[in-house]
Every structure is written in C-alpha cells, then in structure tokens.
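Read the structure below first, then the notes.
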Amino acid sequence: FINHFLLRNSFFFFFKIFFKGIVKIFGIKINLEGLPQIKNTLFVSNHISYLDIIILGSIVEGRFVAKSEIQSWPFINKLCLLGRTIFVNREDLIKVKGQLSKITKSLSKGFSVILFPEGTSSDGSRVLPFKTSLFGVTEGEQNRNLNLQPISISYSKLDGIPIEIKFRPFFAWFGNMDLVSHAWKFMGLGFSEVKVKFHKPKRFSFFKNRKKAAEYCYNLIATQISQDFQSTEVEKK
C-alpha cells in the first residue's frame with residue numbers, strides 16, 4: 001500500500017510540474033474558484049480545446065478519459081500515454097461495461113478520473129449535450145462513497161481584455177483544425193486568462209442513476225458557462 005501511495009504521488013508530482021511548465025510557456029493565467037477533491041473523484045468538465053487537458057493537468061491529480069481515436073494523433077497520443085489516459089470508444093456500446101470497469105478500477109485504487117462527457121470540443125460559448133454512458137460508474141454499489149465533482153472552464157481574457165467572438169477559434173480546437181498551427185497561433189496571441197471553477201462535489205450515492213448524475217453536472221456547468229459568457233460580453237461594452 002505504501003509503495004503504491006508513493007508511486008501515485010511521485011507520478012502526479014512530476015506530471016503536474018510538466019503541465020505547469022506548458023501553461024507558463026503558453027502564457028496562460030488560471031483563475032481558480034473552489035477546490036478539487038483530493039482523491040477517489042470522478043471530475044466532469046466541459047471541453048473546448050487540448051488546452052483544457054494542460055490546464056486541468058496542472059491542477060488536478062487524475063487520469064484523463066479520452067476517445068480512442070486520439071491514440072493515432074501525433075504528439076497528443078504520447079502525452080496521453082505518459083498520463084496513463086483511459087481510452088474509450090463511446091460508440092461501441094458492447095465495450096461500455098469494460099470501459100466502466102477501467103474507470104472503477106482507477107477510482108478504487110485511489111486515483112481520480114477526469115471525464116469530458118461532451119465527447120468532442122466546441123467554441124466554448126455553450127456546452128454540448130453530455131453522453132451519459134460513462135456516468136454508469138456512479139451506479140455501481142461498490143462505488144457509492146466515491147465523489148463526483150463538476151468543473152467549468154471558461155477562457156475569458158486576452159492581454160487583460162475580454163475575448164471577442166472572433167478570437168474564440170484561437171482558444172477552441174474543434175473540427176479538422178491542425179494542432180501544430182493552432183498551438184503556434186495561440187502562443188503568438190499574448191497572455192490569456194481562463195476561469196476554472198470546481199463546483200460542489202456529491203457522493204455517487206446521491207444520484208438515482210447515471211442520467212441524473214449527468215444532468216446534475218450538465219446543469220451546473222452549462223449555467224456557469226452561460227453566466228461567464230454573458231459577463232464577458234457585458235464587460236466588453
């Protein structure tokens with residue numbers, strides 16, 4: 001047990017330092033609100049860009065859940081392997097049980113897991129519908145005392161000025177955007193700010209089923225993103 005604890009802590013210690021270095025290189029200021037749970041937590045976040053992974057990786061000690069296609073993406077796949085990412089195929093319902101087992105096993109060993117249930121990224125102005133299959137982990141009787149904590153991510157400012165709509169594609173990464181050129185353009189923009197809010201956590205036992213768990217997370221995150229987006233628009237005027 002002690003060896004496992006030390007191995008886990010040393011892994012995340014160096015991994016967080018690595019991500020903090022990238023955050024600094026990219027010129028991102030993170031404004032934190034709320035506190036993340038320490039362990040045994042399923043974190044659920046909206047998804048805007050690969051930047052989300054860098055930002056959350058610098059704050060949270062957890063394993064990411066990513067779609068299986070990422071295993072073929074240059075550089076990102078190496079990063080995922082280093083971070084012990086759990087790869088899933090949301091379209092293959094037959095494999096869902098095995099994928100839930102991987103997540104459960106990580107949580108039961110004291111690891112936290114970070115899930116992006118939108119399944120893809122967007123421009124960040126709204127939250128896409130959540131895919132609920134992987135929320136099935138909250139239904140396991142042996143998992144009732146584990147935690148579920150929603151996270152909302154909003155990219156808010158560029159060089160101290162609220163981000164205009166025309167600049168959002170520089171932060172968001174979706175569709176068929178080229179990763180290298182996108183990252184290069186982003187680094188040339190200047191200093192940026194992102195708001196990361198950790199919402200109130202709940203025990204898995206609080207939820208009747210996976211759909212209620214997904215609904216709880218979606219409502220909190222979508223409301224927060226809408227408020228952040230509106231306040232940015234007001235601040236620009």
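In the structure tokens, chains take letters A, B, ... by order of appearance, with residues numbered from 1 within each chain and ligands from 1 in the order shown.
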
Exercise for review: Write out as a list in words which residues come within 8 Å of A:Phe87 when counting only C-alpha atoms, dropping same-chain ones fewer than 5 positions away.
Suggested key: Val65, Ala66, Lys67, Ser68 and Gln71 of chain A

Practice item. Tell me which protein, DNA and RNA residues are within 9 Å of A:Asn147, counting only C-alpha atoms, leaving out same-chain ones fewer than 5 positions away, and put them as a list in words. Key: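 Once the adjacent positions are removed, what remains is Gln37, Lys39, Asn40, Thr41, Leu42, Phe43, Thr138, Pro201, Lys202, Arg203, Phe204 and Ser205 of chain A.
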
Just the selected residues (N, CA and C atoms), exported as an mmCIF file, in the first residue's frame, please.
data_model
loop_
_atom_site.group_PDB
_atom_site.id
_atom_site.type_symbol
_atom_site.label_atom_id
_atom_site.label_comp_id
_atom_site.auth_asym_id
_atom_site.auth_seq_id
_atom_site.Cartn_x
_atom_site.Cartn_y
_atom_site.Cartn_z
ATOM 1 N N GLN A 37 -11.514 17.935 -5.096
ATOM 2 C CA GLN A 37 -11.395 16.851 -4.137
ATOM 3 C C GLN A 37 -9.998 16.227 -4.282
ATOM 4 N N LYS A 39 -8.879 12.879 -3.794
ATOM 5 C CA LYS A 39 -8.746 11.582 -4.458
ATOM 6 C C LYS A 39 -10.109 10.905 -4.590
ATOM 7 N N ASN A 40 -10.117 9.747 -5.257
ATOM 8 C CA ASN A 40 -11.341 8.956 -5.431
ATOM 9 C C ASN A 40 -12.491 9.784 -6.007
ATOM 10 N N THR A 41 -12.176 10.633 -6.976
ATOM 11 C CA THR A 41 -13.195 11.542 -7.515
ATOM 12 C C THR A 41 -13.288 11.423 -9.038
ATOM 13 N N LEU A 42 -14.512 11.403 -9.525
ATOM 14 C CA LEU A 42 -14.759 11.498 -10.961
ATOM 15 C C LEU A 42 -15.027 12.973 -11.261
ATOM 16 N N PHE A 43 -14.062 13.622 -11.895
ATOM 17 C CA PHE A 43 -14.225 15.022 -12.290
ATOM 18 C C PHE A 43 -14.890 15.059 -13.666
ATOM 19 N N THR A 138 -21.294 5.613 -11.672
ATOM 20 C CA THR A 138 -21.921 6.087 -10.428
ATOM 21 C C THR A 138 -22.973 5.105 -9.915
ATOM 22 N N PRO A 201 -18.997 19.051 -4.872
ATOM 23 C CA PRO A 201 -18.985 17.607 -5.154
ATOM 24 C C PRO A 201 -20.163 16.894 -4.477
ATOM 25 N N LYS A 202 -20.539 15.753 -5.039
ATOM 26 C CA LYS A 202 -21.590 14.911 -4.462
ATOM 27 C C LYS A 202 -21.109 13.468 -4.447
ATOM 28 N N ARG A 203 -21.556 12.706 -3.465
ATOM 29 C CA ARG A 203 -21.265 11.278 -3.448
ATOM 30 C C ARG A 203 -22.066 10.594 -4.557
ATOM 31 N N PHE A 204 -21.539 9.511 -5.092
ATOM 32 C CA PHE A 204 -22.266 8.764 -6.120
ATOM 33 C C PHE A 204 -23.648 8.346 -5.608
ATOM 34 N N SER A 205 -23.734 8.065 -4.306
ATOM 35 C CA SER A 205 -24.989 7.598 -3.714
ATOM 36 C C SER A 205 -26.100 8.645 -3.772
#

**Study point:** One-decimal distance in Å that lies between atom CA of A:Cys217 and atom CA of A:Leu51
**Key:** 20.7 Å

Practice item. Would you mind telling me which residue in A:Tyr50, A:Phe26, A:Phe130, A:Phe64 lies nearest to A:Ala222 when using only C-alpha atoms? Key: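 Looking only at the distances to A:Ala222, the closest residue turns out to be A:Phe130.
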
Practice item. Tell me, as number ranges by chain, which residues lie within 8 Å of A:Lys197, counting only C-alpha atoms; anything in the same chain fewer than 4 positions away does not count. Key: A: 32-34, 151-153

Point to revise | Distance of atom CA of A:Phe116 from atom CA of A:Ser45, expressed in Å to one decimal place | key: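 Atom CA of A:Phe116 lies 5.3 Å from atom CA of A:Ser45.
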
**Study point:** Distance query A:Lys157 at most 8 Å, only C-alpha atoms, self and fewer than 4 positions along chain excluded, as number ranges by chain
**Key:** A: 161-163, 192-194

For the residues in the current selection, export N, CA, C and O atoms as an mmCIF file, in the first residue's frame.
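Contents of out35.cif, freshly written:
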data_model
loop_
_atom_site.group_PDB
_atom_site.id
_atom_site.type_symbol
_atom_site.label_atom_id
_atom_site.label_comp_id
_atom_site.auth_asym_id
_atom_site.auth_seq_id
_atom_site.Cartn_x
_atom_site.Cartn_y
_atom_site.Cartn_z
ATOM 1 N N ILE A 161 -7.957 41.935 -21.779
ATOM 2 C CA ILE A 161 -9.190 42.407 -22.422
ATOM 3 C C ILE A 161 -10.132 41.224 -22.660
ATOM 4 O O ILE A 161 -9.684 40.165 -23.122
ATOM 5 N N PRO A 162 -11.435 41.375 -22.346
ATOM 6 C CA PRO A 162 -12.393 40.283 -22.581
ATOM 7 C C PRO A 162 -12.346 39.793 -24.028
ATOM 8 O O PRO A 162 -12.238 40.595 -24.960
ATOM 9 N N ILE A 163 -12.388 38.495 -24.196
ATOM 10 C CA ILE A 163 -12.245 37.886 -25.526
ATOM 11 C C ILE A 163 -13.454 38.144 -26.410
ATOM 12 O O ILE A 163 -14.594 37.880 -26.024
ATOM 13 N N SER A 192 -3.159 35.084 -21.822
ATOM 14 C CA SER A 192 -4.597 34.820 -21.752
ATOM 15 C C SER A 192 -4.991 34.398 -20.339
ATOM 16 O O SER A 192 -4.141 34.009 -19.535
ATOM 17 N N GLU A 193 -6.273 34.495 -20.067
ATOM 18 C CA GLU A 193 -6.793 34.102 -18.758
ATOM 19 C C GLU A 193 -7.919 33.088 -18.926
ATOM 20 O O GLU A 193 -8.722 33.176 -19.859
ATOM 21 N N VAL A 194 -7.952 32.144 -18.012
ATOM 22 C CA VAL A 194 -9.007 31.134 -18.023
ATOM 23 C C VAL A 194 -9.557 30.986 -16.610
ATOM 24 O O VAL A 194 -8.812 31.034 -15.632
#

Exercise for review: Take atom CA of A:Leu158 and atom CA of A:Phe191 and report the distance between them in Å, one decimal.
Suggested key: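 Spanning atom CA of A:Leu158 to atom CA of A:Phe191 is a straight-line distance of 5.8 Å.
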
Revision key, fill the gap. If you count only C-alpha atoms, the residue of A:Ile225, A:Ile59, A:Leu134, A:Val44 closest to A:Val88 turns out to be A:Leu134

Exercise for review: Extract, using only C-alpha atoms, all DNA, RNA and protein residues at most 12 Å from A:Asp52, discarding same-chain residues fewer than 5 positions from it, and format them as an NGL selection string.
Suggested key: :A and (19 or 22-23 or 28 or 30 or 44-47 or 57-60 or 64 or 114-116 or 121-122 or 124 or 151-155 or 171-173 or 194-196)

Point to revise | Close residues, A:Lys212 itself excluded, 10 Å, only C-alpha atoms, min 6 positions apart in chain, as a PyMOL selection string | key: chain A and resi 132+135+138+206+218

Practice item. For A:Arg63, list every protein, DNA or RNA residue within 9 Å, evaluated using only C-alpha atoms, and leave out those in the same chain fewer than 4 positions away; present the list as a PyMOL selection string. Key: chain A and resi 57+83-86+106+111-115

Selection export as a PDB file, in the first residue's frame, atoms kept: N, CA, C and O atoms:
ATOM      1  N   GLY A  57      -4.539  19.328 -16.019  1.00  0.00           N
ATOM      2  CA  GLY A  57      -3.392  18.512 -15.627  1.00  0.00           C
ATOM      3  C   GLY A  57      -2.452  19.230 -14.680  1.00  0.00           C
ATOM      4  O   GLY A  57      -1.738  18.599 -13.901  1.00  0.00           O
ATOM      5  N   GLY A  83       0.401  10.170 -19.417  1.00  0.00           N
ATOM      6  CA  GLY A  83      -0.557  10.485 -18.369  1.00  0.00           C
ATOM      7  C   GLY A  83      -1.463   9.333 -17.993  1.00  0.00           C
ATOM      8  O   GLY A  83      -2.429   9.520 -17.266  1.00  0.00           O
ATOM      9  N   ARG A  84      -1.145   8.127 -18.493  1.00  0.00           N
ATOM     10  CA  ARG A  84      -1.943   6.929 -18.197  1.00  0.00           C
ATOM     11  C   ARG A  84      -3.419   7.128 -18.537  1.00  0.00           C
ATOM     12  O   ARG A  84      -4.309   6.786 -17.756  1.00  0.00           O
ATOM     13  N   THR A  85      -3.666   7.731 -19.676  1.00  0.00           N
ATOM     14  CA  THR A  85      -5.024   8.018 -20.121  1.00  0.00           C
ATOM     15  C   THR A  85      -5.837   6.737 -20.314  1.00  0.00           C
ATOM     16  O   THR A  85      -5.307   5.716 -20.774  1.00  0.00           O
ATOM     17  N   ILE A  86      -7.112   6.805 -19.967  1.00  0.00           N
ATOM     18  CA  ILE A  86      -8.030   5.691 -20.197  1.00  0.00           C
ATOM     19  C   ILE A  86      -8.739   5.946 -21.520  1.00  0.00           C
ATOM     20  O   ILE A  86      -9.512   6.900 -21.644  1.00  0.00           O
ATOM     21  N   SER A 106      -9.573   2.389 -11.456  1.00  0.00           N
ATOM     22  CA  SER A 106      -8.723   3.544 -11.146  1.00  0.00           C
ATOM     23  C   SER A 106      -9.209   4.266  -9.902  1.00  0.00           C
ATOM     24  O   SER A 106      -8.422   4.618  -9.020  1.00  0.00           O
ATOM     25  N   PHE A 111      -6.988   6.708  -7.380  1.00  0.00           N
ATOM     26  CA  PHE A 111      -6.805   7.697  -8.435  1.00  0.00           C
ATOM     27  C   PHE A 111      -8.111   8.465  -8.649  1.00  0.00           C
ATOM     28  O   PHE A 111      -9.196   7.958  -8.370  1.00  0.00           O
ATOM     29  N   SER A 112      -8.003   9.673  -9.152  1.00  0.00           N
ATOM     30  CA  SER A 112      -9.175  10.399  -9.627  1.00  0.00           C
ATOM     31  C   SER A 112      -9.189  10.291 -11.143  1.00  0.00           C
ATOM     32  O   SER A 112      -8.161  10.005 -11.765  1.00  0.00           O
ATOM     33  N   VAL A 113     -10.348  10.506 -11.744  1.00  0.00           N
ATOM     34  CA  VAL A 113     -10.508  10.381 -13.189  1.00  0.00           C
ATOM     35  C   VAL A 113     -11.193  11.631 -13.727  1.00  0.00           C
ATOM     36  O   VAL A 113     -12.124  12.152 -13.100  1.00  0.00           O
ATOM     37  N   ILE A 114     -10.712  12.135 -14.867  1.00  0.00           N
ATOM     38  CA  ILE A 114     -11.247  13.359 -15.469  1.00  0.00           C
ATOM     39  C   ILE A 114     -11.962  13.009 -16.769  1.00  0.00           C
ATOM     40  O   ILE A 114     -11.363  12.470 -17.698  1.00  0.00           O
ATOM     41  N   LEU A 115     -13.253  13.346 -16.818  1.00  0.00           N
ATOM     42  CA  LEU A 115     -14.101  12.970 -17.948  1.00  0.00           C
ATOM     43  C   LEU A 115     -14.630  14.211 -18.669  1.00  0.00           C
ATOM     44  O   LEU A 115     -15.083  15.165 -18.033  1.00  0.00           O
TER      45      LEU A 115
END
